[in-house]
Protein chains: 2
Amino acid sequence: MAESAEIVESEESCAALRSILSRVGEKWAPVVMTELVTEPRRFNELRRRLAPITQRMLTATLRGLESDGLITRTVHPTVPPQVEYGLTDAGRELLAILSGVARWTDRHLDAIHTARQASRGR
Amino acid sequence: MAESAEIVESEESCAALRSILSRVGEKWAPVVMTELVTEPRRFNELRRRLAPITQRMLTATLRGLESDGLITRTVHPTVPPQVEYGLTDAGRELLAILSGVARWTDRHLDAIHTARQASRGR
DNA sequence: CCGTATCCCCGTGGATACTG
DNA sequence: CAGTATCCACGGGGATACGG
């Protein structure tokens with residue numbers, strides 16, 4: 001790699017990057033992952049902690065994250081049914097990277113607001 | 001901070017994080033920023049390099065990135081008009097963080113594909 | 001308890017045509 | 001050259017109701 005900040009390495013990895021960025025850019029994805037960072041949690045546990053999320057959106061978010069290998073879904077065949085969601089190692093790594101984005105965001109809160117105000121004016 | 005991987009620091013920074021993640025998760029945002037990493041570029045220059053992007057989407061993407069303070073838009077009042085887009089320092093920093101996400105994506109390409117195949121089956 | 005199914009609104013993103 | 005304007009298809013995302 002000649003350029004240090006070069007991002008795209010191939011067509012495939014570019015597409016994968018976009019899909020991951022838009023995945024974690026979904027409305028509830030970051031908070032759901034954050035909820036799972038300390039320990040696995042059950043569906044309604046997440047639902048309560050993430051209120052006012054709807055069941056539908058919680059399900060959709062969990063399925064999406066699962067389909068990208070970021071979280072696991074474990075069904076315990078008990079009565080009543082019990083399902084646990086947890087971060088995969090990959091998901092934990094990605095979350096650590098995202099916390100870098102969070103720190104960037106905090107550092108630039110002022111600049112973001114200023115830029116938005118400016119574009120308001122036009 | 002007790003937990004090392006904790007992301008959200010406040011309501012405001014949480015909202016800002018989400019908005020930034022969804023911004024860079026937009027379809028053309030990452031490639032547009034990457035195009036500007038080495039030097040500022042003009043509108044049609046970007047249009048050619050990012051083909052088959054449409055004018056409309058290029059404009060929309062540039063406006064969005066500008067409104068978050070990630071790129072600058074400089075108009076040179078010449079005939080014909082000349083407009084240059086460039087990364088801000090903040091944008092350059094963010095791009096560096098995103099390259100971390102790109103590396104993560106490359107490392108986990110296999111896992112992503114496997115997870116997607118698995119969720120296909122259901 | 002853990003979801004699906006249905007309905008509906010709205011924003012994203014594409015094609016095409018037109019303008020300062 | 002650097003955009004706007006218009007139209008349209010699609011999917012994200014919310015409310016509510018029902019099922020295993």
# chains A, B, ... in the order shown; residues from 1 in each chain; ligands from 1
call {"tool": "select_by_dssp", "arguments": {"residues": "chain B", "states": "helix (DSSP H, G or I)", "output": "PyMOL selection string"}}
result
chain B and resi 11-24+29-35+43-49+55-67+89-107+109-121
call {"tool": "closest_atom_pairs", "arguments": {"of": "chain A", "to": "chain C", "cutoff": "9 Å", "atoms": "only C-alpha atoms (C1' of nucleotides)", "output": "JSON lines"}}
result
{"residue": "A:Phe43", "atom": "CA", "partner": "C:DC2", "partner_atom": "C1'", "distance": 7.1}
{"residue": "A:Asn44", "atom": "CA", "partner": "C:DC1", "partner_atom": "C1'", "distance": 7.8}
{"residue": "A:Gln55", "atom": "CA", "partner": "C:DG3", "partner_atom": "C1'", "distance": 8.0}
{"residue": "A:Arg56", "atom": "CA", "partner": "C:DG3", "partner_atom": "C1'", "distance": 8.6}
{"residue": "A:Thr59", "atom": "CA", "partner": "C:DG3", "partner_atom": "C1'", "distance": 7.8}
{"residue": "A:Val79", "atom": "CA", "partner": "C:DC1", "partner_atom": "C1'", "distance": 8.8}
{"residue": "A:Pro80", "atom": "CA", "partner": "C:DC1", "partner_atom": "C1'", "distance": 5.9}
{"residue": "A:Pro81", "atom": "CA", "partner": "C:DC1", "partner_atom": "C1'", "distance": 6.0}
{"residue": "A:Gln82", "atom": "CA", "partner": "C:DC1", "partner_atom": "C1'", "distance": 7.0}
{"residue": "A:Val83", "atom": "CA", "partner": "C:DC2", "partner_atom": "C1'", "distance": 7.8}
call {"tool": "atom_distance", "arguments": {"atom1": "atom CA of Arg18 of chain B", "atom2": "atom CA of Val32 of chain B"}}
result
19.8 Å
call {"tool": "atom_distance", "arguments": {"atom1": "atom CA of Leu17 of chain B", "atom2": "atom CA of Ala96 of chain A"}}
result
13.8 Å
call {"tool": "select_by_dssp", "arguments": {"residues": "chain A", "states": "strand (DSSP E or B)", "output": "ChimeraX atom specification"}}
result
/A:41-42,71-76,82-87
call {"tool": "write_last_selection", "arguments": {"atoms": "N, CA and C atoms", "output": "PDB file, in the first residue's frame"}}
result
ATOM      1  N   ARG A  41     -27.872 -11.297  26.544  1.00  0.00           N
ATOM      2  CA  ARG A  41     -29.159 -10.868  27.070  1.00  0.00           C
ATOM      3  C   ARG A  41     -30.298 -11.533  26.312  1.00  0.00           C
ATOM      4  N   ARG A  42     -31.453 -11.610  26.961  1.00  0.00           N
ATOM      5  CA  ARG A  42     -32.626 -12.232  26.360  1.00  0.00           C
ATOM      6  C   ARG A  42     -33.467 -11.171  25.664  1.00  0.00           C
ATOM      7  N   ILE A  71     -23.545 -10.936  15.966  1.00  0.00           N
ATOM      8  CA  ILE A  71     -24.101 -11.481  17.209  1.00  0.00           C
ATOM      9  C   ILE A  71     -24.544 -12.920  16.987  1.00  0.00           C
ATOM     10  N   THR A  72     -24.703 -13.633  18.087  1.00  0.00           N
ATOM     11  CA  THR A  72     -25.211 -15.007  18.021  1.00  0.00           C
ATOM     12  C   THR A  72     -26.592 -15.071  18.643  1.00  0.00           C
ATOM     13  N   ARG A  73     -27.366 -16.041  18.204  1.00  0.00           N
ATOM     14  CA  ARG A  73     -28.716 -16.249  18.721  1.00  0.00           C
ATOM     15  C   ARG A  73     -28.792 -17.689  19.200  1.00  0.00           C
ATOM     16  N   THR A  74     -28.993 -17.858  20.499  1.00  0.00           N
ATOM     17  CA  THR A  74     -28.998 -19.191  21.080  1.00  0.00           C
ATOM     18  C   THR A  74     -30.363 -19.500  21.675  1.00  0.00           C
ATOM     19  N   VAL A  75     -30.996 -20.566  21.167  1.00  0.00           N
ATOM     20  CA  VAL A  75     -32.319 -20.957  21.646  1.00  0.00           C
ATOM     21  C   VAL A  75     -32.185 -22.089  22.650  1.00  0.00           C
ATOM     22  N   HIS A  76     -32.709 -21.865  23.859  1.00  0.00           N
ATOM     23  CA  HIS A  76     -32.765 -22.933  24.856  1.00  0.00           C
ATOM     24  C   HIS A  76     -34.167 -23.523  24.819  1.00  0.00           C
ATOM     25  N   GLN A  82     -36.668 -19.742  25.696  1.00  0.00           N
ATOM     26  CA  GLN A  82     -35.681 -18.791  26.174  1.00  0.00           C
ATOM     27  C   GLN A  82     -34.622 -18.608  25.102  1.00  0.00           C
ATOM     28  N   VAL A  83     -34.406 -17.378  24.691  1.00  0.00           N
ATOM     29  CA  VAL A  83     -33.448 -17.076  23.617  1.00  0.00           C
ATOM     30  C   VAL A  83     -32.442 -16.067  24.117  1.00  0.00           C
ATOM     31  N   GLU A  84     -31.183 -16.379  23.926  1.00  0.00           N
ATOM     32  CA  GLU A  84     -30.131 -15.467  24.353  1.00  0.00           C
ATOM     33  C   GLU A  84     -29.346 -14.941  23.170  1.00  0.00           C
ATOM     34  N   TYR A  85     -29.072 -13.636  23.215  1.00  0.00           N
ATOM     35  CA  TYR A  85     -28.271 -12.992  22.175  1.00  0.00           C
ATOM     36  C   TYR A  85     -26.948 -12.548  22.787  1.00  0.00           C
ATOM     37  N   GLY A  86     -25.870 -12.764  22.024  1.00  0.00           N
ATOM     38  CA  GLY A  86     -24.561 -12.358  22.513  1.00  0.00           C
ATOM     39  C   GLY A  86     -23.684 -11.881  21.381  1.00  0.00           C
ATOM     40  N   LEU A  87     -22.675 -11.092  21.710  1.00  0.00           N
ATOM     41  CA  LEU A  87     -21.719 -10.625  20.706  1.00  0.00           C
ATOM     42  C   LEU A  87     -20.787 -11.760  20.304  1.00  0.00           C
TER      43      LEU A  87
END
call {"tool": "interface_residues", "arguments": {"of": "chain A", "to": "chain B", "cutoff": "7 Å", "atoms": "only C-alpha atoms", "output": "ChimeraX atom specification"}}
result
/A:5-7,13,16-18,21-22,24-27,34,67-69,94,96-97,99-102,104-106,111-112,115-116,119
call {"tool": "closest_atom_pairs", "arguments": {"of": "chain D", "to": "chain A", "cutoff": "12 Å", "atoms": "only C-alpha atoms (C1' of nucleotides)", "output": "tab-separated table"}}
result
residue	atom	partner	partner_atom	distance
D:DG12	C1'	A:Glu26	CA	8.7
D:DG13	C1'	A:Met57	CA	7.2
D:DG14	C1'	A:Thr54	CA	7.8
D:DA15	C1'	A:Thr54	CA	8.7
D:DT16	C1'	A:Thr54	CA	10.6
D:DG20	C1'	A:Pro81	CA	10.1
call {"tool": "write_last_selection", "arguments": {"atoms": "N, CA, C and O atoms (P, O5', C5', C4', C3', O3' and C1' of nucleotides)", "output": "compact mmCIF listing (two decimals), in the first residue's frame"}}
result
# COMPACT_ATOMS: atom_id res chain seq x y z
P DG D 12 -34.55 -2.66 4.12
O5' DG D 12 -34.68 -1.35 5.02
C5' DG D 12 -33.78 -0.26 4.81
C4' DG D 12 -34.19 0.88 5.71
C3' DG D 12 -34.30 0.54 7.18
O3' DG D 12 -33.92 1.68 7.92
C1' DG D 12 -36.44 1.16 6.37
P DG D 13 -33.65 1.57 9.49
O5' DG D 13 -35.07 1.89 10.13
C5' DG D 13 -35.65 3.18 9.93
C4' DG D 13 -37.09 3.16 10.38
C3' DG D 13 -37.35 2.47 11.73
O3' DG D 13 -38.12 3.34 12.52
C1' DG D 13 -38.89 1.78 10.14
P DG D 14 -38.07 3.13 14.14
O5' DG D 14 -39.60 3.31 14.56
C5' DG D 14 -40.28 4.54 14.27
C4' DG D 14 -41.77 4.30 14.13
C3' DG D 14 -42.41 3.54 15.29
O3' DG D 14 -43.40 4.34 15.96
C1' DG D 14 -43.14 2.71 13.18
P DA D 15 -44.15 3.73 17.26
O5' DA D 15 -45.55 3.14 16.72
C5' DA D 15 -46.31 3.84 15.73
C4' DA D 15 -47.71 3.26 15.63
C3' DA D 15 -48.23 2.60 16.90
O3' DA D 15 -49.62 2.85 17.04
C1' DA D 15 -48.05 0.97 15.17
P DT D 16 -50.40 2.33 18.34
O5' DT D 16 -51.06 0.97 17.83
C5' DT D 16 -51.69 0.90 16.56
C4' DT D 16 -52.00 -0.54 16.20
C3' DT D 16 -52.45 -1.41 17.38
O3' DT D 16 -53.78 -1.85 17.14
C1' DT D 16 -50.89 -2.55 15.98
P DG D 20 -49.98 -20.85 15.34
O5' DG D 20 -48.45 -21.34 15.27
C5' DG D 20 -47.40 -20.42 15.49
C4' DG D 20 -46.31 -21.04 16.37
C3' DG D 20 -46.61 -22.42 16.92
O3' DG D 20 -45.37 -23.08 17.17
C1' DG D 20 -46.51 -20.92 18.72
call {"tool": "atom_distance", "arguments": {"atom1": "atom CA of Asp89 of chain B", "atom2": "atom CA of Leu62 of chain B"}}
result
16.1 Å
call {"tool": "decode", "arguments": {"residues": "chain D", "atoms": "N, CA and C atoms (P, O5', C5', C4', C3', O3' and C1' of nucleotides)", "output": "PDB file, in the first residue's frame"}}
result
ATOM      1  P    DC D   1     -16.675  19.981 -18.544  1.00  0.00           P
ATOM      2  O5'  DC D   1     -17.036  21.472 -18.031  1.00  0.00           O
ATOM      3  C5'  DC D   1     -16.031  22.193 -17.358  1.00  0.00           C
ATOM      4  C4'  DC D   1     -16.641  22.862 -16.153  1.00  0.00           C
ATOM      5  C3'  DC D   1     -17.081  21.896 -15.048  1.00  0.00           C
ATOM      6  O3'  DC D   1     -16.682  22.452 -13.797  1.00  0.00           O
ATOM      7  C1'  DC D   1     -18.956  23.154 -15.777  1.00  0.00           C
ATOM      8  P    DA D   2     -16.766  21.584 -12.438  1.00  0.00           P
ATOM      9  O5'  DA D   2     -18.215  21.910 -11.859  1.00  0.00           O
ATOM     10  C5'  DA D   2     -18.503  23.237 -11.445  1.00  0.00           C
ATOM     11  C4'  DA D   2     -19.966  23.354 -11.127  1.00  0.00           C
ATOM     12  C3'  DA D   2     -20.483  22.281 -10.151  1.00  0.00           C
ATOM     13  O3'  DA D   2     -21.292  22.900  -9.155  1.00  0.00           O
ATOM     14  C1'  DA D   2     -21.839  22.380 -12.048  1.00  0.00           C
ATOM     15  P    DG D   3     -21.538  22.109  -7.779  1.00  0.00           P
ATOM     16  O5'  DG D   3     -22.486  20.879  -8.179  1.00  0.00           O
ATOM     17  C5'  DG D   3     -23.814  20.901  -7.778  1.00  0.00           C
ATOM     18  C4'  DG D   3     -24.649  21.763  -8.707  1.00  0.00           C
ATOM     19  C3'  DG D   3     -26.131  21.629  -8.474  1.00  0.00           C
ATOM     20  O3'  DG D   3     -26.543  22.564  -7.493  1.00  0.00           O
ATOM     21  C1'  DG D   3     -25.585  21.752 -10.804  1.00  0.00           C
ATOM     22  P    DT D   4     -27.717  22.234  -6.525  1.00  0.00           P
ATOM     23  O5'  DT D   4     -28.995  22.986  -7.096  1.00  0.00           O
ATOM     24  C5'  DT D   4     -29.461  22.589  -8.275  1.00  0.00           C
ATOM     25  C4'  DT D   4     -30.738  23.234  -8.732  1.00  0.00           C
ATOM     26  C3'  DT D   4     -32.009  22.736  -8.036  1.00  0.00           C
ATOM     27  O3'  DT D   4     -33.074  23.647  -8.327  1.00  0.00           O
ATOM     28  C1'  DT D   4     -31.757  21.661 -10.129  1.00  0.00           C
ATOM     29  P    DA D   5     -34.526  23.353  -7.707  1.00  0.00           P
ATOM     30  O5'  DA D   5     -35.310  22.485  -8.796  1.00  0.00           O
ATOM     31  C5'  DA D   5     -35.177  22.766 -10.202  1.00  0.00           C
ATOM     32  C4'  DA D   5     -36.267  22.014 -10.953  1.00  0.00           C
ATOM     33  C3'  DA D   5     -37.394  21.481 -10.071  1.00  0.00           C
ATOM     34  O3'  DA D   5     -38.602  21.511 -10.814  1.00  0.00           O
ATOM     35  C1'  DA D   5     -36.232  19.654 -11.052  1.00  0.00           C
ATOM     36  P    DT D   6     -40.006  21.192 -10.067  1.00  0.00           P
ATOM     37  O5'  DT D   6     -40.306  19.709 -10.586  1.00  0.00           O
ATOM     38  C5'  DT D   6     -40.131  19.412 -11.972  1.00  0.00           C
ATOM     39  C4'  DT D   6     -40.271  17.926 -12.226  1.00  0.00           C
ATOM     40  C3'  DT D   6     -41.274  17.193 -11.328  1.00  0.00           C
ATOM     41  O3'  DT D   6     -42.260  16.589 -12.142  1.00  0.00           O
ATOM     42  C1'  DT D   6     -39.251  15.978 -11.538  1.00  0.00           C
ATOM     43  P    DC D   7     -43.564  15.898 -11.464  1.00  0.00           P
ATOM     44  O5'  DC D   7     -43.214  14.367 -11.720  1.00  0.00           O
ATOM     45  C5'  DC D   7     -42.619  13.975 -12.952  1.00  0.00           C
ATOM     46  C4'  DC D   7     -42.160  12.533 -12.858  1.00  0.00           C
ATOM     47  C3'  DC D   7     -43.066  11.642 -11.983  1.00  0.00           C
ATOM     48  O3'  DC D   7     -43.388  10.455 -12.676  1.00  0.00           O
ATOM     49  C1'  DC D   7     -40.805  11.439 -11.322  1.00  0.00           C
ATOM     50  P    DC D   8     -44.505   9.460 -12.061  1.00  0.00           P
ATOM     51  O5'  DC D   8     -43.593   8.244 -11.583  1.00  0.00           O
ATOM     52  C5'  DC D   8     -42.528   7.764 -12.407  1.00  0.00           C
ATOM     53  C4'  DC D   8     -41.688   6.779 -11.620  1.00  0.00           C
ATOM     54  C3'  DC D   8     -42.499   5.873 -10.684  1.00  0.00           C
ATOM     55  O3'  DC D   8     -42.136   4.524 -10.891  1.00  0.00           O
ATOM     56  C1'  DC D   8     -40.682   6.880  -9.521  1.00  0.00           C
ATOM     57  P    DA D   9     -43.089   3.390 -10.333  1.00  0.00           P
ATOM     58  O5'  DA D   9     -42.001   2.367  -9.768  1.00  0.00           O
ATOM     59  C5'  DA D   9     -40.753   2.247 -10.431  1.00  0.00           C
ATOM     60  C4'  DA D   9     -39.755   1.588  -9.491  1.00  0.00           C
ATOM     61  C3'  DA D   9     -40.373   0.503  -8.612  1.00  0.00           C
ATOM     62  O3'  DA D   9     -39.479  -0.602  -8.555  1.00  0.00           O
ATOM     63  C1'  DA D   9     -39.451   2.222  -7.250  1.00  0.00           C
ATOM     64  P    DC D  10     -39.862  -1.873  -7.672  1.00  0.00           P
ATOM     65  O5'  DC D  10     -39.042  -1.662  -6.325  1.00  0.00           O
ATOM     66  C5'  DC D  10     -37.656  -1.315  -6.407  1.00  0.00           C
ATOM     67  C4'  DC D  10     -37.159  -1.034  -5.004  1.00  0.00           C
ATOM     68  C3'  DC D  10     -37.641  -2.050  -3.974  1.00  0.00           C
ATOM     69  O3'  DC D  10     -36.504  -2.693  -3.424  1.00  0.00           O
ATOM     70  C1'  DC D  10     -37.918   0.206  -3.206  1.00  0.00           C
ATOM     71  P    DG D  11     -36.707  -3.920  -2.405  1.00  0.00           P
ATOM     72  O5'  DG D  11     -36.343  -3.243  -1.024  1.00  0.00           O
ATOM     73  C5'  DG D  11     -35.124  -2.512  -0.900  1.00  0.00           C
ATOM     74  C4'  DG D  11     -35.143  -1.701   0.367  1.00  0.00           C
ATOM     75  C3'  DG D  11     -35.472  -2.514   1.626  1.00  0.00           C
ATOM     76  O3'  DG D  11     -34.623  -2.061   2.658  1.00  0.00           O
ATOM     77  C1'  DG D  11     -36.967  -0.705   1.437  1.00  0.00           C
ATOM     78  P    DG D  12     -34.551  -2.663   4.121  1.00  0.00           P
ATOM     79  O5'  DG D  12     -34.678  -1.351   5.016  1.00  0.00           O
ATOM     80  C5'  DG D  12     -33.779  -0.263   4.814  1.00  0.00           C
ATOM     81  C4'  DG D  12     -34.190   0.883   5.706  1.00  0.00           C
ATOM     82  C3'  DG D  12     -34.300   0.543   7.180  1.00  0.00           C
ATOM     83  O3'  DG D  12     -33.920   1.685   7.922  1.00  0.00           O
ATOM     84  C1'  DG D  12     -36.436   1.164   6.368  1.00  0.00           C
ATOM     85  P    DG D  13     -33.650   1.573   9.488  1.00  0.00           P
ATOM     86  O5'  DG D  13     -35.069   1.895  10.126  1.00  0.00           O
ATOM     87  C5'  DG D  13     -35.648   3.182   9.927  1.00  0.00           C
ATOM     88  C4'  DG D  13     -37.091   3.164  10.378  1.00  0.00           C
ATOM     89  C3'  DG D  13     -37.354   2.473  11.730  1.00  0.00           C
ATOM     90  O3'  DG D  13     -38.121   3.338  12.525  1.00  0.00           O
ATOM     91  C1'  DG D  13     -38.892   1.776  10.137  1.00  0.00           C
ATOM     92  P    DG D  14     -38.069   3.126  14.143  1.00  0.00           P
ATOM     93  O5'  DG D  14     -39.601   3.311  14.562  1.00  0.00           O
ATOM     94  C5'  DG D  14     -40.277   4.545  14.275  1.00  0.00           C
ATOM     95  C4'  DG D  14     -41.766   4.304  14.134  1.00  0.00           C
ATOM     96  C3'  DG D  14     -42.410   3.536  15.295  1.00  0.00           C
ATOM     97  O3'  DG D  14     -43.397   4.338  15.955  1.00  0.00           O
ATOM     98  C1'  DG D  14     -43.143   2.706  13.181  1.00  0.00           C
ATOM     99  P    DA D  15     -44.153   3.734  17.262  1.00  0.00           P
ATOM    100  O5'  DA D  15     -45.551   3.138  16.715  1.00  0.00           O
ATOM    101  C5'  DA D  15     -46.305   3.844  15.735  1.00  0.00           C
ATOM    102  C4'  DA D  15     -47.714   3.265  15.633  1.00  0.00           C
ATOM    103  C3'  DA D  15     -48.229   2.600  16.904  1.00  0.00           C
ATOM    104  O3'  DA D  15     -49.623   2.854  17.041  1.00  0.00           O
ATOM    105  C1'  DA D  15     -48.051   0.974  15.173  1.00  0.00           C
ATOM    106  P    DT D  16     -50.401   2.332  18.337  1.00  0.00           P
ATOM    107  O5'  DT D  16     -51.058   0.965  17.833  1.00  0.00           O
ATOM    108  C5'  DT D  16     -51.693   0.902  16.560  1.00  0.00           C
ATOM    109  C4'  DT D  16     -51.998  -0.538  16.200  1.00  0.00           C
ATOM    110  C3'  DT D  16     -52.453  -1.412  17.378  1.00  0.00           C
ATOM    111  O3'  DT D  16     -53.783  -1.855  17.141  1.00  0.00           O
ATOM    112  C1'  DT D  16     -50.895  -2.547  15.983  1.00  0.00           C
ATOM    113  P    DA D  17     -54.561  -2.786  18.250  1.00  0.00           P
ATOM    114  O5'  DA D  17     -54.538  -4.208  17.529  1.00  0.00           O
ATOM    115  C5'  DA D  17     -54.740  -4.288  16.117  1.00  0.00           C
ATOM    116  C4'  DA D  17     -54.502  -5.728  15.648  1.00  0.00           C
ATOM    117  C3'  DA D  17     -55.008  -6.795  16.633  1.00  0.00           C
ATOM    118  O3'  DA D  17     -55.685  -7.815  15.907  1.00  0.00           O
ATOM    119  C1'  DA D  17     -52.720  -7.159  16.138  1.00  0.00           C
ATOM    120  P    DC D  18     -56.437  -9.034  16.663  1.00  0.00           P
ATOM    121  O5'  DC D  18     -55.493 -10.281  16.340  1.00  0.00           O
ATOM    122  C5'  DC D  18     -55.175 -10.584  14.988  1.00  0.00           C
ATOM    123  C4'  DC D  18     -54.037 -11.604  14.936  1.00  0.00           C
ATOM    124  C3'  DC D  18     -54.306 -12.894  15.736  1.00  0.00           C
ATOM    125  O3'  DC D  18     -54.147 -14.006  14.868  1.00  0.00           O
ATOM    126  C1'  DC D  18     -52.164 -12.001  16.249  1.00  0.00           C
ATOM    127  P    DG D  19     -54.166 -15.525  15.335  1.00  0.00           P
ATOM    128  O5'  DG D  19     -52.626 -15.889  15.386  1.00  0.00           O
ATOM    129  C5'  DG D  19     -51.967 -16.445  14.258  1.00  0.00           C
ATOM    130  C4'  DG D  19     -50.651 -17.097  14.685  1.00  0.00           C
ATOM    131  C3'  DG D  19     -50.840 -18.383  15.512  1.00  0.00           C
ATOM    132  O3'  DG D  19     -49.813 -19.283  15.148  1.00  0.00           O
ATOM    133  C1'  DG D  19     -49.544 -16.861  16.720  1.00  0.00           C
ATOM    134  P    DG D  20     -49.976 -20.848  15.337  1.00  0.00           P
ATOM    135  O5'  DG D  20     -48.454 -21.337  15.274  1.00  0.00           O
ATOM    136  C5'  DG D  20     -47.400 -20.417  15.492  1.00  0.00           C
ATOM    137  C4'  DG D  20     -46.305 -21.043  16.370  1.00  0.00           C
ATOM    138  C3'  DG D  20     -46.611 -22.421  16.918  1.00  0.00           C
ATOM    139  O3'  DG D  20     -45.372 -23.081  17.175  1.00  0.00           O
ATOM    140  C1'  DG D  20     -46.506 -20.923  18.718  1.00  0.00           C
TER     141       DG D  20
END
